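Quick look at target_33.txt (compact mmCIF, C-alpha atoms):
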```txt
# COMPACT_ATOMS: atom_id res chain seq x y z
CA LEU L 11 -1.05 -27.07 15.84
CA GLN L 12 -3.45 -25.88 18.55
CA SER L 13 -2.98 -28.93 20.77
CA ALA L 14 0.78 -29.15 20.22
CA VAL L 15 1.49 -25.50 20.96
CA SER L 16 -1.03 -25.20 23.79
CA GLY L 17 0.58 -28.18 25.49
CA GLY L 18 3.74 -26.15 26.01
CA LEU L 19 7.00 -26.24 24.07
CA ASN L 20 10.61 -25.68 24.89
CA LEU L 21 11.19 -22.46 22.99
CA LYS L 22 14.80 -21.84 23.95
CA THR L 23 16.56 -22.75 20.71
CA ARG L 24 18.92 -20.07 19.43
CA SER L 25 18.60 -19.47 15.68
CA ARG L 26 21.12 -17.44 13.68
CA GLU L 27 20.14 -18.36 10.13
CA MET L 28 18.37 -15.01 9.69
CA THR L 29 21.08 -12.85 11.27
CA PRO L 30 22.03 -9.79 9.14
CA HIS L 31 25.60 -9.81 7.85
CA LEU L 32 26.29 -6.66 9.82
CA ALA L 33 25.06 -7.42 13.33
CA TYR L 34 26.27 -6.99 16.89
CA GLY L 35 25.52 -10.63 17.63
CA ARG L 36 27.99 -11.96 15.07
CA HIS L 37 30.84 -10.63 17.23
CA ARG L 38 29.54 -12.46 20.36
CA GLY L 39 29.98 -9.29 22.38
CA PRO L 40 28.47 -8.96 25.87
CA ILE L 41 25.17 -7.14 26.39
CA PRO L 42 25.79 -3.67 27.90
CA LYS L 43 25.02 -3.25 31.59
CA ARG L 44 22.70 -0.31 30.92
CA VAL L 45 20.58 -2.10 28.32
CA ARG L 46 16.83 -1.51 28.32
CA ARG L 47 14.53 -4.47 29.01
CA ALA L 48 11.83 -5.01 26.42
CA ALA L 49 9.28 -7.67 25.52
CA VAL L 50 7.28 -8.44 22.38
CA MET L 51 4.15 -10.52 21.89
CA VAL L 52 4.27 -13.40 19.40
CA ALA L 53 0.54 -14.12 19.14
CA ILE L 54 -0.58 -17.07 16.99
CA TYR L 55 -4.16 -17.53 15.85
CA ARG L 56 -6.15 -19.19 13.10
CA HIS L 57 -7.30 -17.05 10.16
CA PRO L 58 -10.13 -18.47 8.00
CA ASP L 59 -8.33 -17.65 4.75
CA LEU L 60 -4.63 -17.49 5.64
CA GLY L 61 -4.35 -20.36 8.13
CA TRP L 62 -2.18 -19.81 11.20
CA VAL L 63 -0.94 -16.23 11.37
CA VAL L 64 0.96 -13.87 13.65
CA PRO L 65 0.18 -10.13 13.70
CA LEU L 66 3.12 -7.86 12.91
CA THR L 67 3.26 -4.08 12.88
CA LEU L 68 4.71 -1.66 10.35
CA ARG L 69 6.40 1.13 12.26
CA PRO L 70 5.67 4.74 11.16
CA MET L 71 8.48 6.72 9.60
CA HIS L 72 8.41 9.40 12.33
CA LEU L 73 9.71 7.04 15.03
CA ASP L 74 13.30 7.44 16.23
CA HIS L 75 14.10 3.72 16.30
CA HIS L 76 13.55 1.32 13.37
CA PRO L 77 11.26 3.63 11.33
CA GLY L 78 9.50 1.89 8.45
CA GLN L 79 10.47 -1.56 9.67
CA ILE L 80 8.24 -4.50 10.57
CA CYS L 81 8.21 -5.92 14.08
CA PHE L 82 6.16 -7.70 16.71
CA PRO L 83 3.96 -5.58 19.00
CA GLY L 84 5.89 -4.78 22.16
CA GLY L 85 7.99 -2.31 24.04
CA GLN L 86 9.85 -1.48 27.22
CA VAL L 87 9.32 -3.50 30.42
CA GLU L 88 8.26 -1.00 33.06
CA SER L 89 9.03 -1.12 36.76
CA GLY L 90 7.11 -3.90 38.51
CA GLU L 91 6.28 -5.74 35.27
CA ASP L 92 7.40 -9.15 34.08
CA ASP L 93 7.98 -9.91 30.40
CA PHE L 94 4.50 -11.30 29.78
CA THR L 95 2.72 -8.39 31.48
CA ALA L 96 4.74 -5.85 29.50
CA ALA L 97 4.20 -7.63 26.17
CA ALA L 98 0.45 -7.97 26.82
CA ARG L 99 0.14 -4.30 27.78
CA GLU L 100 2.05 -3.13 24.72
CA PHE L 101 0.03 -5.46 22.47
CA GLU L 102 -3.23 -3.89 23.66
CA GLU L 103 -1.88 -0.33 23.51
CA GLU L 104 -0.57 -0.76 19.97
CA LEU L 105 -3.32 -2.90 18.42
CA GLY L 106 -6.37 -2.14 20.55
CA PHE L 107 -7.02 -5.79 21.42
CA SER L 108 -6.38 -7.68 24.64
CA VAL L 109 -4.74 -11.11 24.87
CA VAL L 110 -6.64 -11.93 28.06
CA GLY L 111 -7.69 -15.57 27.80
CA ALA L 112 -4.85 -16.49 25.43
CA THR L 113 -2.77 -19.58 26.20
CA ARG L 114 0.77 -18.67 27.18
CA VAL L 115 3.24 -21.10 25.63
CA GLY L 116 6.68 -19.84 26.64
CA ASN L 117 9.47 -17.57 25.41
CA LEU L 118 11.70 -17.62 22.38
CA SER L 119 15.38 -16.81 22.77
CA SER L 120 16.00 -13.24 23.90
CA GLN L 121 17.64 -10.86 21.43
CA TYR L 122 19.91 -7.89 21.98
CA VAL L 123 18.98 -5.19 19.48
CA TYR L 124 22.02 -2.95 19.17
CA ALA L 125 20.38 -0.08 17.26
CA SER L 126 17.88 0.67 20.05
CA ASN L 127 19.87 -0.82 22.98
CA ASN L 128 17.04 -3.19 23.92
CA HIS L 129 17.31 -6.71 25.31
CA VAL L 130 14.09 -8.18 23.91
CA VAL L 131 12.20 -11.23 25.21
CA PRO L 132 9.65 -12.69 22.73
CA VAL L 133 6.61 -14.08 24.59
CA VAL L 134 4.56 -16.68 22.68
CA VAL L 135 0.80 -17.13 23.09
CA VAL L 136 -1.98 -18.91 21.20
CA MET L 137 -5.12 -16.79 21.03
CA SER L 138 -8.51 -16.61 19.36
CA ARG L 139 -8.81 -14.49 16.25
CA PRO L 140 -9.91 -10.95 17.16
CA ASP L 141 -13.67 -10.57 16.91
CA LYS L 142 -13.38 -6.94 15.86
CA PRO L 143 -11.13 -4.96 13.50
CA TRP L 144 -7.70 -3.98 14.73
CA ASP L 145 -7.61 -0.50 16.24
CA PRO L 146 -3.90 0.40 16.01
CA ASP L 147 -2.40 3.46 17.67
CA PRO L 148 -1.29 5.65 14.71
CA LYS L 149 1.59 7.03 16.78
CA GLU L 150 3.18 3.58 16.95
CA VAL L 151 1.64 1.52 14.15
CA ALA L 152 1.26 2.45 10.47
CA GLU L 153 -0.28 -0.90 9.52
CA VAL L 154 -1.10 -4.30 11.01
CA ILE L 155 0.14 -7.23 8.92
CA GLU L 156 -1.29 -10.72 9.44
CA PHE L 157 1.71 -12.85 8.50
CA PRO L 158 0.90 -16.48 7.53
CA VAL L 159 3.12 -18.88 9.42
CA ASP L 160 3.37 -21.24 6.43
CA GLN L 161 5.41 -18.56 4.64
CA LEU L 162 8.28 -19.41 6.97
CA THR L 163 8.85 -22.68 5.11
CA ASN L 164 8.08 -21.36 1.63
CA PRO L 165 11.40 -21.17 -0.25
CA LYS L 166 10.05 -18.34 -2.42
CA SER L 167 9.51 -16.13 0.62
CA LEU L 168 13.17 -16.21 1.68
CA VAL L 169 15.24 -13.48 0.02
CA MET L 170 18.47 -11.58 0.57
CA ILE L 171 18.08 -7.82 0.77
CA SER L 172 20.69 -5.08 0.81
CA HIS L 173 20.70 -2.04 3.07
CA THR L 174 22.42 1.27 2.50
CA VAL L 175 23.33 3.30 5.57
CA ARG L 176 24.15 6.91 4.84
CA VAL L 177 26.04 8.66 7.60
CA GLY L 178 26.89 12.34 7.39
CA SER L 179 29.62 13.93 9.48
CA GLU L 180 27.11 15.34 11.99
CA SER L 181 25.23 12.08 12.46
CA ALA L 182 28.47 10.17 12.83
CA ASN L 183 29.90 12.55 15.40
CA HIS L 184 26.82 13.48 17.39
CA GLY L 185 24.70 10.35 17.31
CA LYS L 186 21.89 11.70 15.18
CA LYS L 187 19.65 9.39 13.19
CA GLN L 188 21.13 7.51 10.25
CA GLU L 189 19.24 7.04 6.99
CA ILE L 190 18.68 3.40 6.12
CA SER L 191 17.13 2.13 2.90
CA ALA L 192 16.66 -1.44 1.73
CA ASN L 193 16.22 -3.23 -1.58
CA THR L 194 16.54 -6.76 -2.93
CA GLU L 195 19.37 -6.12 -5.36
CA ASP L 196 22.54 -8.18 -4.97
CA THR L 197 25.39 -6.27 -3.35
CA PRO L 198 28.68 -7.22 -1.70
CA ASP L 199 28.50 -8.40 1.93
CA LEU L 200 29.90 -5.14 3.27
CA GLU L 201 30.90 -2.16 1.19
CA SER L 202 32.24 1.13 2.53
CA ASP L 203 32.09 4.59 1.00
CA THR L 204 33.40 7.73 2.67
CA HIS L 205 30.49 9.79 1.33
CA ALA L 206 27.51 7.44 1.14
CA GLY L 207 28.29 5.31 4.20
CA PHE L 208 28.13 1.56 3.66
CA THR L 209 25.88 -1.27 2.54
CA PHE L 210 25.25 -4.68 4.02
CA GLN L 211 22.98 -7.63 3.37
CA SER L 212 20.50 -9.55 5.47
CA PRO L 213 18.23 -12.56 4.94
CA ALA L 214 14.54 -11.62 4.97
CA PHE L 215 11.06 -13.04 4.61
CA GLN L 216 9.25 -11.43 1.68
CA TYR L 217 5.47 -11.26 1.94
CA GLY L 218 2.94 -9.02 0.20
CA GLY L 219 5.55 -6.48 -0.81
CA TYR L 220 7.02 -6.33 2.70
CA SER L 221 10.50 -7.39 3.77
CA ILE L 222 10.83 -8.73 7.32
CA TRP L 223 14.42 -8.87 8.53
CA GLY L 224 16.65 -8.45 11.56
CA ALA L 225 15.51 -9.51 15.03
CA THR L 226 11.91 -10.06 13.89
CA ALA L 227 12.99 -12.44 11.13
CA MET L 228 15.24 -14.30 13.58
CA MET L 229 12.34 -14.72 16.01
CA LEU L 230 10.00 -15.91 13.25
CA HIS L 231 12.55 -18.44 12.05
CA GLU L 232 13.08 -19.78 15.55
CA LEU L 233 9.32 -20.06 15.99
CA SER L 234 9.08 -22.14 12.81
CA LEU L 235 11.52 -24.69 14.25
CA HIS L 236 9.01 -25.55 16.99
CA LEU L 237 5.84 -25.86 14.95
CA PRO L 238 4.54 -29.36 14.02
CA LYS L 239 5.11 -30.53 10.46
CA GLU L 240 1.64 -32.01 10.07
CA ASP L 241 0.23 -28.49 9.84
CA GLY L 242 2.63 -27.61 7.07
CA VAL L 243 4.46 -25.03 9.16
CA GLY L 244 7.33 -26.97 10.69
```

When written as structure tokens, how does the structure in this file appear?
Amino acid sequence: LQSAVSGGLNLKTRSREMTPHLAYGRHRGPIPKRVRRAAVMVAIYRHPDLGWVVPLTLRPMHLDHHPGQICFPGGQVESGEDDFTAAAREFEEELGFSVVGATRVGNLSSQYVYASNNHVVPVVVVMSRPDKPWDPDPKEVAEVIEFPVDQLTNPKSLVMISHTVRVGSESANHGKKQEISANTEDTPDLESDTHAGFTFQSPAFQYGGYSIWGATAMMLHELSLHLPKEDGVG
């Protein structure tokens, strides 16, 4: 894996297998002109017990966007930055570890995330395993999750989860936060209710009690399409 990935790959394959049933992308709509630019770091390294892993972050519940969800380290691209610089800065700010010296491989397909109005570029690097414990910023990271890449091809890790979005009259009219909960029970594709809101389903990777879905799951799935089979991750 090290030699294949470090040699550079064409990581521009669009993958929609992990797209939630209720998603902006399914309608093929254009990205808004006032979208925010963002970048995330897809860092791959070898773990002595778990094999090849990528670090993911569990977002705290106090955040305005995607609270309680799992994502790659990253954030907004600031003025004067390119995607790699922004992703590397955010990675260090969130996890307390620099990717200086890592091998940059390329980018995965960009994703428009409707809920936060971000056009996200995933930057892929191969790095050495951190030589010290993670030091996450508690304001942005509740937990660091080392996700084994071989779980991407484990049929038992792929599940379908349901989400319930509860929208009150105030939140619907004034743009306040919506309450979203998720579980793995089977539900119809899209169900509406004038009081509770609606439910929808999405494919997800299940690992260690966590459900990884949405844009992060789509990026992980696309990454798996480019990894060599001889390492058991392609």

Top pick for closest residue to Met228 of chain L, considering L:Pro140, L:Pro58, L:Pro148, L:Pro132 and counting all atoms listed in the file:
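That would be L:Pro132, the residue with the smallest distance to Met228 of chain L.
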
Please determine, counting all atoms listed in the file, which residue among L:Gln79, L:Ser172, L:Gln121, L:Ala53 has the shortest atom-to-atom distance to Arg139 of chain L.
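Smallest distance to Arg139 of chain L is found for L:Ala53.
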
As an exercise, work out the distance from atom CA of Leu118 of chain L to atom CA of Glu88 of chain L in Å and give it to one decimal place.
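Computed distance, atom CA of Leu118 of chain L to atom CA of Glu88 of chain L, equals 20.1 Å.
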
Work out how far apart atom CA of Ala214 of chain L and atom CA of Val52 of chain L are and give it in Å to one decimal.
17.8 Å

Show which residues sit within 9 Å of Val64 of chain L, as a ChimeraX atom specification. Count only C-alpha atoms, and ignore same-chain residues fewer than 6 positions away.
/L:52-56,82,155-159

Here atom CA of Tyr220 of chain L and atom CA of Val131 of chain L stand apart by 23.6 Å

Quick one: of L:Asp93, L:Pro83, L:Ala225, L:Leu233, who's nearest to Glu153 of chain L, counting only C-alpha atoms?
L:Pro83
